[in-house]
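Below is upload-v8.cif, which holds mmCIF, C-alpha atoms.
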```cif
data_my_file
#
loop_
_atom_site.group_PDB
_atom_site.id
_atom_site.type_symbol
_atom_site.label_atom_id
_atom_site.label_comp_id
_atom_site.auth_asym_id
_atom_site.auth_seq_id
_atom_site.Cartn_x
_atom_site.Cartn_y
_atom_site.Cartn_z
ATOM 1 C CA MET A 288 -74.432 22.364 -48.658
ATOM 2 C CA ASP A 289 -72.485 19.506 -47.074
ATOM 3 C CA ARG A 290 -75.080 16.887 -46.147
ATOM 4 C CA ARG A 291 -72.754 14.363 -44.520
ATOM 5 C CA GLN A 292 -72.985 13.219 -40.942
ATOM 6 C CA GLU A 293 -69.623 12.526 -39.384
ATOM 7 C CA ILE A 294 -69.118 10.823 -36.044
ATOM 8 C CA GLY A 295 -65.429 10.511 -35.299
ATOM 9 C CA GLY A 296 -64.819 11.049 -39.016
ATOM 10 C CA GLN A 297 -67.375 8.541 -40.361
ATOM 11 C CA GLY A 298 -69.884 9.943 -42.870
ATOM 12 C CA ASP A 299 -73.550 9.179 -43.503
ATOM 13 C CA LYS A 300 -75.173 10.714 -46.571
ATOM 14 C CA GLY A 301 -78.583 10.645 -44.909
ATOM 15 C CA ASP A 302 -77.872 13.480 -42.461
ATOM 16 C CA LYS A 303 -76.078 16.801 -42.546
ATOM 17 C CA ARG A 304 -74.879 16.852 -38.938
ATOM 18 C CA GLU A 305 -71.230 16.609 -38.040
ATOM 19 C CA ILE A 306 -70.430 15.314 -34.578
ATOM 20 C CA ASN A 307 -67.002 15.114 -32.993
ATOM 21 C CA SER A 308 -66.726 13.048 -29.828
ATOM 22 C CA GLU A 309 -62.993 12.855 -29.237
ATOM 23 C CA PHE A 310 -62.914 13.675 -25.542
ATOM 24 C CA ARG A 311 -62.925 11.989 -22.183
ATOM 25 C CA ILE A 312 -63.925 12.849 -18.627
ATOM 26 C CA PRO A 313 -61.530 11.577 -15.950
ATOM 27 C CA ASN A 314 -62.360 9.819 -12.696
ATOM 28 C CA SER A 315 -60.912 12.683 -10.655
ATOM 29 C CA GLU A 316 -63.583 15.382 -10.656
ATOM 30 C CA PHE A 317 -64.102 18.679 -8.859
ATOM 31 C CA SER A 318 -66.662 18.745 -6.038
ATOM 32 C CA SER A 319 -68.866 21.622 -4.903
ATOM 33 C CA GLN A 320 -71.813 21.973 -2.533
ATOM 34 C CA GLN A 321 -75.362 20.973 -3.558
ATOM 35 C CA TYR A 322 -78.206 23.414 -2.929
ATOM 36 C CA THR A 323 -81.980 23.485 -2.972
ATOM 37 C CA LEU A 324 -84.504 26.271 -2.417
ATOM 38 C CA ALA A 325 -84.998 27.639 1.090
ATOM 39 C CA GLY A 326 -88.717 28.173 0.423
ATOM 40 C CA THR A 327 -91.529 27.756 -2.093
ATOM 41 C CA ILE A 328 -92.080 29.791 -5.281
ATOM 42 C CA SER A 329 -95.428 30.195 -7.058
ATOM 43 C CA GLN A 330 -96.078 31.782 -10.457
ATOM 44 C CA SER A 331 -98.755 31.561 -13.124
ATOM 45 C CA GLY A 332 -98.953 32.714 -16.703
ATOM 46 C CA VAL A 333 -99.589 31.875 -20.344
ATOM 47 C CA GLY A 334 -97.588 29.319 -22.315
ATOM 48 C CA LEU A 335 -95.818 30.580 -25.449
ATOM 49 C CA HIS A 336 -97.033 27.895 -27.837
ATOM 50 C CA SER A 337 -100.230 26.559 -26.241
ATOM 51 C CA GLY A 338 -101.631 29.918 -25.168
ATOM 52 C CA GLU A 339 -102.959 28.156 -22.064
ATOM 53 C CA THR A 340 -102.564 29.377 -18.497
ATOM 54 C CA SER A 341 -100.608 27.242 -16.055
ATOM 55 C CA GLN A 342 -99.731 27.451 -12.382
ATOM 56 C CA VAL A 343 -96.246 26.497 -11.205
ATOM 57 C CA ARG A 344 -95.003 25.793 -7.687
ATOM 58 C CA ILE A 345 -91.301 25.181 -7.081
ATOM 59 C CA LEU A 346 -90.456 23.431 -3.832
ATOM 60 C CA PRO A 347 -87.270 22.260 -2.098
ATOM 61 C CA ALA A 348 -85.992 18.790 -2.967
ATOM 62 C CA ALA A 349 -83.540 16.450 -1.269
ATOM 63 C CA ALA A 350 -79.883 16.054 -2.215
ATOM 64 C CA GLY A 351 -79.427 13.962 -5.331
ATOM 65 C CA GLU A 352 -83.028 14.313 -6.513
ATOM 66 C CA GLY A 353 -82.087 16.913 -9.103
ATOM 67 C CA ARG A 354 -84.553 19.203 -10.821
ATOM 68 C CA TYR A 355 -87.805 17.545 -11.878
ATOM 69 C CA PHE A 356 -91.373 18.364 -12.910
ATOM 70 C CA VAL A 357 -94.578 16.888 -11.490
ATOM 71 C CA ARG A 358 -97.777 17.098 -13.563
ATOM 72 C CA VAL A 359 -100.162 17.635 -10.643
ATOM 73 C CA ASP A 360 -103.131 17.976 -13.011
ATOM 74 C CA LEU A 361 -102.876 14.327 -14.078
ATOM 75 C CA PRO A 362 -104.367 11.455 -12.018
ATOM 76 C CA THR A 363 -101.065 9.744 -11.176
ATOM 77 C CA GLN A 364 -99.094 12.997 -10.863
ATOM 78 C CA PRO A 365 -96.258 11.645 -13.022
ATOM 79 C CA ILE A 366 -92.699 12.836 -12.460
ATOM 80 C CA ILE A 367 -90.773 14.151 -15.463
ATOM 81 C CA PRO A 368 -87.046 14.470 -14.735
ATOM 82 C CA ALA A 369 -85.270 17.520 -16.099
ATOM 83 C CA ARG A 370 -82.693 15.295 -17.735
ATOM 84 C CA VAL A 371 -81.471 15.085 -21.303
ATOM 85 C CA GLU A 372 -82.830 11.546 -21.739
ATOM 86 C CA ALA A 373 -86.362 12.923 -21.182
ATOM 87 C CA VAL A 374 -86.243 15.334 -24.152
ATOM 88 C CA SER A 375 -88.979 14.486 -26.660
ATOM 89 C CA GLN A 376 -88.907 17.446 -29.079
ATOM 90 C CA THR A 377 -87.063 20.716 -29.685
ATOM 91 C CA VAL A 378 -89.206 22.772 -32.089
ATOM 92 C CA LEU A 379 -88.823 26.410 -30.941
ATOM 93 C CA SER A 380 -88.604 25.204 -27.326
ATOM 94 C CA THR A 381 -87.525 22.156 -25.361
ATOM 95 C CA GLN A 382 -90.079 19.561 -24.302
ATOM 96 C CA LEU A 383 -89.606 16.807 -21.731
ATOM 97 C CA GLU A 384 -91.685 13.639 -21.564
ATOM 98 C CA THR A 385 -92.235 10.553 -19.420
ATOM 99 C CA GLY A 386 -94.736 8.060 -20.790
ATOM 100 C CA THR A 387 -97.719 10.089 -21.981
ATOM 101 C CA ALA A 388 -96.983 13.054 -19.705
ATOM 102 C CA SER A 389 -95.013 16.001 -21.057
ATOM 103 C CA VAL A 390 -94.033 19.564 -20.229
ATOM 104 C CA ARG A 391 -92.946 22.106 -22.805
ATOM 105 C CA THR A 392 -90.854 25.298 -22.919
ATOM 106 C CA VAL A 393 -88.852 24.319 -19.854
ATOM 107 C CA GLU A 394 -85.633 26.120 -20.757
ATOM 108 C CA HIS A 395 -86.115 29.531 -19.099
ATOM 109 C CA LEU A 396 -87.226 28.141 -15.744
ATOM 110 C CA LEU A 397 -84.490 25.499 -15.728
ATOM 111 C CA ALA A 398 -81.898 28.108 -16.702
ATOM 112 C CA ALA A 399 -83.012 30.263 -13.764
ATOM 113 C CA LEU A 400 -82.595 27.370 -11.345
ATOM 114 C CA ALA A 401 -79.236 26.262 -12.747
ATOM 115 C CA GLY A 402 -77.966 29.811 -13.202
ATOM 116 C CA SER A 403 -78.905 30.619 -9.604
ATOM 117 C CA GLY A 404 -77.164 27.513 -8.299
ATOM 118 C CA VAL A 405 -80.221 25.428 -7.379
ATOM 119 C CA ASP A 406 -79.306 21.783 -7.984
ATOM 120 C CA ASN A 407 -82.427 20.139 -6.568
ATOM 121 C CA ALA A 408 -86.023 21.336 -6.986
ATOM 122 C CA ARG A 409 -89.505 19.859 -7.289
ATOM 123 C CA ILE A 410 -91.464 21.789 -9.947
ATOM 124 C CA GLU A 411 -95.207 21.213 -9.758
ATOM 125 C CA ILE A 412 -97.209 22.308 -12.805
ATOM 126 C CA ASP A 413 -100.906 21.934 -13.652
ATOM 127 C CA ALA A 414 -100.613 22.033 -17.456
ATOM 128 C CA ALA A 415 -98.348 20.934 -20.293
ATOM 129 C CA GLU A 416 -96.389 24.170 -20.775
ATOM 130 C CA VAL A 417 -94.355 26.376 -18.451
ATOM 131 C CA PRO A 418 -95.605 29.984 -18.471
ATOM 132 C CA LEU A 419 -93.505 32.356 -20.554
ATOM 133 C CA LEU A 420 -94.011 35.289 -18.150
ATOM 134 C CA ASP A 421 -92.179 38.286 -19.699
ATOM 135 C CA GLY A 422 -90.233 36.100 -22.164
ATOM 136 C CA SER A 423 -87.110 35.944 -20.018
ATOM 137 C CA ALA A 424 -85.980 34.242 -16.796
ATOM 138 C CA ARG A 425 -85.967 37.485 -14.798
ATOM 139 C CA VAL A 426 -89.082 36.753 -12.742
ATOM 140 C CA TRP A 427 -87.893 33.228 -11.928
ATOM 141 C CA ALA A 428 -84.448 34.501 -10.898
ATOM 142 C CA GLU A 429 -85.961 37.249 -8.728
ATOM 143 C CA GLU A 430 -88.242 34.774 -6.973
ATOM 144 C CA ILE A 431 -85.338 32.384 -6.358
ATOM 145 C CA ALA A 432 -83.339 35.251 -4.843
ATOM 146 C CA LYS A 433 -86.268 36.146 -2.557
ATOM 147 C CA VAL A 434 -86.579 32.687 -1.012
ATOM 148 C CA GLY A 435 -82.853 31.990 -1.110
ATOM 149 C CA ARG A 436 -80.918 28.739 -1.273
ATOM 150 C CA SER A 437 -80.379 26.084 1.356
ATOM 151 C CA PRO A 438 -77.181 23.964 1.400
ATOM 152 C CA LEU A 439 -77.504 20.196 1.370
ATOM 153 C CA PRO A 440 -75.178 17.619 2.955
ATOM 154 C CA ALA A 441 -73.893 16.279 -0.347
ATOM 155 C CA PRO A 442 -71.329 17.361 -2.949
ATOM 156 C CA THR A 443 -71.895 18.152 -6.608
ATOM 157 C CA ILE A 444 -69.422 16.341 -8.823
ATOM 158 C CA VAL A 445 -68.269 18.570 -11.680
ATOM 159 C CA PRO A 446 -66.817 16.597 -14.630
ATOM 160 C CA GLN A 447 -63.680 17.975 -16.241
ATOM 161 C CA LEU A 448 -63.702 18.106 -20.045
ATOM 162 C CA LEU A 449 -60.268 17.302 -21.491
ATOM 163 C CA GLU A 450 -60.771 17.406 -25.278
ATOM 164 C CA PRO A 451 -63.232 19.216 -27.574
ATOM 165 C CA VAL A 452 -66.621 17.906 -28.631
ATOM 166 C CA TRP A 453 -69.016 19.565 -31.046
ATOM 167 C CA VAL A 454 -72.117 19.183 -33.193
ATOM 168 C CA ARG A 455 -72.417 21.015 -36.528
ATOM 169 C CA GLU A 456 -75.212 21.465 -39.046
ATOM 170 C CA GLY A 457 -74.314 23.527 -42.103
ATOM 171 C CA ASP A 458 -72.750 26.749 -40.811
ATOM 172 C CA THR A 459 -74.324 26.392 -37.352
ATOM 173 C CA PHE A 460 -72.624 24.647 -34.462
ATOM 174 C CA VAL A 461 -72.371 24.198 -30.727
ATOM 175 C CA ALA A 462 -69.164 23.028 -29.080
ATOM 176 C CA ALA A 463 -67.716 22.228 -25.680
ATOM 177 C CA LEU A 464 -64.035 23.075 -25.255
ATOM 178 C CA PRO A 465 -61.723 22.257 -22.333
ATOM 179 C CA ALA A 466 -61.530 25.215 -19.944
ATOM 180 C CA PRO A 467 -60.595 25.898 -16.309
ATOM 181 C CA GLU A 468 -64.099 27.223 -15.613
ATOM 182 C CA THR A 469 -67.565 26.986 -17.130
ATOM 183 C CA ARG A 470 -68.253 29.664 -19.747
ATOM 184 C CA PHE A 471 -70.950 30.245 -22.363
ATOM 185 C CA THR A 472 -70.356 32.188 -25.598
ATOM 186 C CA TYR A 473 -72.995 32.682 -28.300
ATOM 187 C CA GLY A 474 -73.037 34.304 -31.716
ATOM 188 C CA ILE A 475 -76.009 34.997 -33.973
ATOM 189 C CA ASP A 476 -76.210 36.499 -37.456
ATOM 190 C CA PHE A 477 -79.467 37.763 -38.998
ATOM 191 C CA GLU A 478 -80.011 39.641 -42.240
ATOM 192 C CA THR A 479 -82.509 41.734 -40.314
ATOM 193 C CA GLU A 480 -80.793 45.069 -39.638
ATOM 194 C CA ALA A 481 -82.256 45.374 -36.148
ATOM 195 C CA ILE A 482 -80.423 42.210 -35.043
ATOM 196 C CA GLY A 483 -77.468 41.714 -37.384
ATOM 197 C CA ASN A 484 -74.361 39.983 -36.024
ATOM 198 C CA GLN A 485 -74.154 39.780 -32.244
ATOM 199 C CA TRP A 486 -71.999 37.965 -29.700
ATOM 200 C CA HIS A 487 -72.008 37.622 -25.953
ATOM 201 C CA SER A 488 -69.864 35.664 -23.503
ATOM 202 C CA TRP A 489 -70.635 34.922 -19.867
ATOM 203 C CA THR A 490 -68.670 33.034 -17.236
ATOM 204 C CA TYR A 491 -70.995 30.843 -15.165
ATOM 205 C CA ASN A 492 -71.466 32.641 -11.857
ATOM 206 C CA THR A 493 -74.552 32.425 -9.679
ATOM 207 C CA SER A 494 -73.982 36.006 -8.485
ATOM 208 C CA THR A 495 -74.140 37.544 -11.990
ATOM 209 C CA PHE A 496 -76.748 35.400 -13.749
ATOM 210 C CA ALA A 497 -79.740 37.444 -12.526
ATOM 211 C CA ALA A 498 -78.324 40.727 -13.855
ATOM 212 C CA GLU A 499 -76.494 39.652 -17.014
ATOM 213 C CA ILE A 500 -78.459 36.745 -18.534
ATOM 214 C CA ALA A 501 -81.853 36.240 -16.867
ATOM 215 C CA PRO A 502 -83.464 39.508 -18.136
ATOM 216 C CA ALA A 503 -82.845 38.754 -21.842
ATOM 217 C CA ARG A 504 -86.190 38.132 -23.541
ATOM 218 C CA THR A 505 -87.398 35.806 -26.285
ATOM 219 C CA PHE A 506 -87.153 37.522 -29.672
ATOM 220 C CA GLY A 507 -88.764 36.994 -33.038
ATOM 221 C CA LEU A 508 -89.253 38.355 -36.534
ATOM 222 C CA ALA A 509 -92.531 40.038 -37.400
ATOM 223 C CA THR A 510 -92.389 38.458 -40.870
ATOM 224 C CA GLN A 511 -92.554 34.950 -39.353
ATOM 225 C CA ILE A 512 -95.479 35.403 -36.963
ATOM 226 C CA GLU A 513 -98.291 34.482 -39.377
ATOM 227 C CA PHE A 514 -96.515 31.339 -40.565
ATOM 228 C CA LEU A 515 -95.675 30.133 -37.042
ATOM 229 C CA ARG A 516 -99.269 30.610 -35.903
ATOM 230 C CA SER A 517 -100.483 28.668 -38.936
ATOM 231 C CA GLN A 518 -98.313 25.801 -37.656
ATOM 232 C CA GLY A 519 -100.021 25.868 -34.257
ATOM 233 C CA LEU A 520 -97.119 27.653 -32.586
ATOM 234 C CA ILE A 521 -96.716 30.875 -30.515
ATOM 235 C CA LYS A 522 -100.441 31.022 -29.672
ATOM 236 C CA GLY A 523 -99.515 32.777 -26.432
ATOM 237 C CA GLY A 524 -96.892 35.083 -27.899
ATOM 238 C CA SER A 525 -97.382 38.853 -27.696
ATOM 239 C CA LEU A 526 -95.489 42.109 -27.427
ATOM 240 C CA GLU A 527 -95.767 41.660 -23.655
ATOM 241 C CA ASN A 528 -93.649 38.493 -23.588
ATOM 242 C CA ALA A 529 -91.288 38.814 -26.555
ATOM 243 C CA ILE A 530 -89.317 41.459 -28.405
ATOM 244 C CA VAL A 531 -90.296 41.545 -32.074
ATOM 245 C CA CYS A 532 -88.535 43.236 -34.938
ATOM 246 C CA THR A 533 -89.323 44.251 -38.495
ATOM 247 C CA PRO A 534 -86.505 44.249 -41.072
ATOM 248 C CA GLN A 535 -85.528 47.750 -39.911
ATOM 249 C CA SER A 536 -86.439 48.193 -36.251
ATOM 250 C CA TRP A 537 -87.916 46.781 -33.050
ATOM 251 C CA LEU A 538 -91.691 47.003 -32.599
ATOM 252 C CA ASN A 539 -91.483 47.214 -28.808
ATOM 253 C CA PRO A 540 -88.310 48.967 -27.666
ATOM 254 C CA PRO A 541 -86.344 49.652 -25.577
ATOM 255 C CA LEU A 542 -84.093 46.625 -25.384
ATOM 256 C CA ARG A 543 -82.725 45.645 -21.995
ATOM 257 C CA PHE A 544 -79.264 45.161 -23.536
ATOM 258 C CA ALA A 545 -77.810 46.246 -26.873
ATOM 259 C CA ASN A 546 -77.208 42.546 -27.625
ATOM 260 C CA GLU A 547 -80.308 41.196 -25.878
ATOM 261 C CA PRO A 548 -80.975 38.503 -28.543
ATOM 262 C CA ALA A 549 -77.473 37.030 -28.157
ATOM 263 C CA ARG A 550 -77.854 37.032 -24.374
ATOM 264 C CA HIS A 551 -81.210 35.292 -24.717
ATOM 265 C CA LYS A 552 -79.552 32.554 -26.752
ATOM 266 C CA ILE A 553 -77.148 32.018 -23.838
ATOM 267 C CA LEU A 554 -80.190 31.746 -21.569
ATOM 268 C CA ASP A 555 -81.596 29.021 -23.823
ATOM 269 C CA LEU A 556 -78.237 27.245 -23.961
ATOM 270 C CA VAL A 557 -77.919 27.264 -20.172
ATOM 271 C CA GLY A 558 -81.460 25.889 -19.874
ATOM 272 C CA ASP A 559 -80.800 23.083 -22.352
ATOM 273 C CA LEU A 560 -77.346 22.074 -21.120
ATOM 274 C CA CYS A 561 -78.449 21.989 -17.483
ATOM 275 C CA LEU A 562 -80.363 18.858 -18.499
ATOM 276 C CA LEU A 563 -77.000 17.182 -17.872
ATOM 277 C CA GLY A 564 -77.647 17.792 -14.170
ATOM 278 C CA THR A 565 -74.270 19.480 -13.684
ATOM 279 C CA PHE A 566 -72.322 21.559 -16.188
ATOM 280 C CA PRO A 567 -68.893 20.114 -16.981
ATOM 281 C CA ASN A 568 -66.035 22.569 -16.637
ATOM 282 C CA ALA A 569 -65.947 23.657 -20.280
ATOM 283 C CA HIS A 570 -66.283 26.622 -22.588
ATOM 284 C CA PHE A 571 -69.577 26.147 -24.432
ATOM 285 C CA LEU A 572 -69.407 27.992 -27.754
ATOM 286 C CA ALA A 573 -72.402 28.248 -30.120
ATOM 287 C CA TYR A 574 -73.069 30.001 -33.402
ATOM 288 C CA LYS A 575 -76.532 30.325 -34.975
ATOM 289 C CA ALA A 576 -77.544 27.143 -33.148
ATOM 290 C CA SER A 577 -80.932 25.909 -31.929
ATOM 291 C CA HIS A 578 -82.554 23.876 -29.177
ATOM 292 C CA LYS A 579 -82.010 20.833 -31.388
ATOM 293 C CA LEU A 580 -78.241 21.320 -31.561
ATOM 294 C CA HIS A 581 -78.028 22.267 -27.864
ATOM 295 C CA VAL A 582 -79.736 19.008 -26.926
ATOM 296 C CA GLN A 583 -77.643 16.961 -29.363
ATOM 297 C CA LEU A 584 -74.503 18.257 -27.660
ATOM 298 C CA ALA A 585 -75.977 17.472 -24.244
ATOM 299 C CA GLN A 586 -76.867 13.951 -25.401
ATOM 300 C CA LEU A 587 -73.346 13.387 -26.658
ATOM 301 C CA LEU A 588 -71.816 14.662 -23.415
ATOM 302 C CA GLU A 589 -74.203 12.510 -21.375
ATOM 303 C CA GLN A 590 -73.289 9.436 -23.377
ATOM 304 C CA LYS A 591 -69.570 9.991 -22.901
ATOM 305 C CA MET A 592 -69.915 10.811 -19.204
ATOM 306 C CA LYS A 593 -71.551 7.423 -18.660
ATOM 307 C CA SER A 594 -69.048 5.446 -20.758
#
```

Represent the structure of the file as structure tokens.
Amino acid sequence: MDRRQEIGGQGDKGDKREINSEFRIPNSEFSSQQYTLAGTISQSGVGLHSGETSQVRILPAAAGEGRYFVRVDLPTQPIIPARVEAVSQTVLSTQLETGTASVRTVEHLLAALAGSGVDNARIEIDAAEVPLLDGSARVWAEEIAKVGRSPLPAPTIVPQLLEPVWVREGDTFVAALPAPETRFTYGIDFETEAIGNQWHSWTYNTSTFAAEIAPARTFGLATQIEFLRSQGLIKGGSLENAIVCTPQSWLNPPLRFANEPARHKILDLVGDLCLLGTFPNAHFLAYKASHKLHVQLAQLLEQKMKS
């Protein structure tokens, strides 16, 4: 395995990532309308990794405030911005942190907000992990549709990507390619017969997210459950909030889509890349990637957008 790290062609034997950052974002950028929620959403449920119950309230927020969490269970009610610079760890979920306050497994909820076109939202939570609900973003997307969106008197600036940028680790990668519109494409490849090789591609559209991406559930391998629980993970996981497969078949069919796992990976990618605040116009292409690689790409894009 190639264990070099390359940034603009420079190697480092201590890491196996390859990062290409040859791109720029021009001063002339496309503008669209900002939105927030037209009402308040409340949900409660069990966290995937902690197994603890949490209550979430999502409220409207002002233009320019973005999406952010508030730990209402803590004395100072600290604010944790849903921004890439707040990411503190990416082991089987994405965790955000400000000071000593953190919130974990944020990706499905954030994907629902971003995929539904909600730019600004105050997310109050009384614990350290967002509830998994049914393992997808379907409930969040349905609740957002019920309350609706409210336009705000401010534009959203959409950066235009002009040259490719990518992050690679072994045979896994995630890339952003110049494109006239925002698109997400994901491929996965498992030896497990029930999953195998799958691909899905989705053009970012707030009118299709709820039907095409939001319902795709978290998936896992039955052979890994005991090990993950021994590591203190997936304490709240069950057949009610994840689809689980043996080497030959699914334990809890039917699937919502023939390629539900690949669609779920797009859901995760949307949730992680929306930590940029606004998606650049780009084709995001991933293969066998992870939250770690998603966030590394977002960090690289954020760095270049500010330079």

Check the smallest atom-to-atom distance from each of A:Asn568, A:Ser403, A:Ser341, A:Thr392 to Lys433 of chain A using all atoms listed in the file, then report the winner.
-> A:Ser403

A:Phe571, A:Phe460, A:Trp537, A:Phe514 ranked by distance to Glu480 of chain A, top pick (using all atoms listed in the file) =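 Comparing A:Phe571, A:Phe460, A:Trp537, A:Phe514 against Glu480 of chain A, the winner is A:Trp537.
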
Which is closer to Ser331 of chain A than all the others in A:Val371, A:Gly351, A:Leu397, A:Ala414, using only C-alpha atoms?
-> A:Ala414

If you apply the PyMOL selection byres ((chain A and resi 437) around 9) to this file, what residues do you get, as a ChimeraX atom specification?
-> /A:321-326,347,405,435-436,438-439

Can you tell me which residues surround segment 519-526 of chain A at a distance of at most 10 Å, considering all atoms listed in the file, apart from same-chain residues fewer than 4 positions away, and format the answer as a PDB file with C-alpha atoms, keeping the file's coordinate frame?
```
ATOM      1  CA  GLY A 332     -98.953  32.714 -16.703  1.00  0.00           C
ATOM      2  CA  VAL A 333     -99.589  31.875 -20.344  1.00  0.00           C
ATOM      3  CA  GLY A 334     -97.588  29.319 -22.315  1.00  0.00           C
ATOM      4  CA  LEU A 335     -95.818  30.580 -25.449  1.00  0.00           C
ATOM      5  CA  HIS A 336     -97.033  27.895 -27.837  1.00  0.00           C
ATOM      6  CA  SER A 337    -100.230  26.559 -26.241  1.00  0.00           C
ATOM      7  CA  GLY A 338    -101.631  29.918 -25.168  1.00  0.00           C
ATOM      8  CA  GLU A 339    -102.959  28.156 -22.064  1.00  0.00           C
ATOM      9  CA  THR A 340    -102.564  29.377 -18.497  1.00  0.00           C
ATOM     10  CA  VAL A 378     -89.206  22.772 -32.089  1.00  0.00           C
ATOM     11  CA  LEU A 379     -88.823  26.410 -30.941  1.00  0.00           C
ATOM     12  CA  PRO A 418     -95.605  29.984 -18.471  1.00  0.00           C
ATOM     13  CA  LEU A 419     -93.505  32.356 -20.554  1.00  0.00           C
ATOM     14  CA  ASP A 421     -92.179  38.286 -19.699  1.00  0.00           C
ATOM     15  CA  GLY A 422     -90.233  36.100 -22.164  1.00  0.00           C
ATOM     16  CA  THR A 505     -87.398  35.806 -26.285  1.00  0.00           C
ATOM     17  CA  PHE A 506     -87.153  37.522 -29.672  1.00  0.00           C
ATOM     18  CA  GLY A 507     -88.764  36.994 -33.038  1.00  0.00           C
ATOM     19  CA  ILE A 512     -95.479  35.403 -36.963  1.00  0.00           C
ATOM     20  CA  GLU A 513     -98.291  34.482 -39.377  1.00  0.00           C
ATOM     21  CA  PHE A 514     -96.515  31.339 -40.565  1.00  0.00           C
ATOM     22  CA  LEU A 515     -95.675  30.133 -37.042  1.00  0.00           C
ATOM     23  CA  ILE A 530     -89.317  41.459 -28.405  1.00  0.00           C
ATOM     24  CA  VAL A 531     -90.296  41.545 -32.074  1.00  0.00           C
ATOM     25  CA  LEU A 538     -91.691  47.003 -32.599  1.00  0.00           C
ATOM     26  CA  ASN A 539     -91.483  47.214 -28.808  1.00  0.00           C
ATOM     27  CA  PRO A 540     -88.310  48.967 -27.666  1.00  0.00           C
TER      28      PRO A 540
END
```

Explicit residue set for the PyMOL selection byres ((chain A and resi 500) around 8), as a ChimeraX atom specification = /A:495-499,501-503,550-551,553-554

Using atom CA of Gly483 of chain A and atom CA of Gln535 of chain A as the two end points, give the distance in Å to one decimal.
-> 10.4 Å

With the file shown as input, list the residues that the PyMOL selection byres ((chain A and resi 466) around 7) selects, as a PyMOL selection string.
-> chain A and resi 464-465+467-469+568-570

Contacts of Thr493 of chain A within 9 Å, all atoms listed in the file, excl. fewer than 6 positions in-chain, as a list in words | Ala401, Gly402, Ser403 and Gly404 of chain A

May I have the protein, DNA and RNA residues with an atom at most 6 Å from (-83.5, 21.7, -8.1), counting all atoms listed in the file in the file's coordinates, returned as a list in words?
->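 Taken together, the residues in range are Thr323, Gly353, Arg354, Val405, Asp406, Asn407 and Ala408 of chain A.
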
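Taking all atoms listed in the file into account, Glu372 of chain A lies nearest to A:Thr385 out of the set A:Val434, A:His581, A:Pro541, A:Thr385.
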
Separation of atom CA of Trp489 of chain A from atom CA of Phe471 of chain A, in Å and rounded to one decimal = 5.3 Å

Just give me the gap between atom CA of His578 of chain A and atom CA of Thr377 of chain A in Å, one decimal is fine.
->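 So the answer is 5.5 Å.
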
Within 7 Å of His395 of chain A, counting all atoms listed in the file, which residues qualify if same-chain residues fewer than 5 places away don't, as number ranges by chain?
-> A: 423-424, 554-555, 558

Rank A:Ser494, A:Glu527, A:Val374, A:Arg358 by their smallest atom-to-atom distance to Ala432 of chain A, using all atoms listed in the file, and report the top residue only.
-> A:Ser494

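The residue that comes closest to Leu420 of chain A, out of A:Leu396, A:Ile475, A:Ala349, A:Leu449 and on the basis of all atoms listed in the file, is A:Leu396.
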
Excluding Pro365 of chain A and any residue of its chain fewer than 6 positions from it, enumerate the residues within 9 Å of it, using all atoms listed in the file, and give them as an mmCIF file with C-alpha atoms, in the frame of the given file.
```cif
data_model
loop_
_atom_site.group_PDB
_atom_site.id
_atom_site.type_symbol
_atom_site.label_atom_id
_atom_site.label_comp_id
_atom_site.auth_asym_id
_atom_site.auth_seq_id
_atom_site.Cartn_x
_atom_site.Cartn_y
_atom_site.Cartn_z
ATOM 1 C CA PHE A 356 -91.373 18.364 -12.910
ATOM 2 C CA VAL A 357 -94.578 16.888 -11.490
ATOM 3 C CA ARG A 358 -97.777 17.098 -13.563
ATOM 4 C CA VAL A 359 -100.162 17.635 -10.643
ATOM 5 C CA THR A 385 -92.235 10.553 -19.420
ATOM 6 C CA GLY A 386 -94.736 8.060 -20.790
ATOM 7 C CA ALA A 388 -96.983 13.054 -19.705
#
```
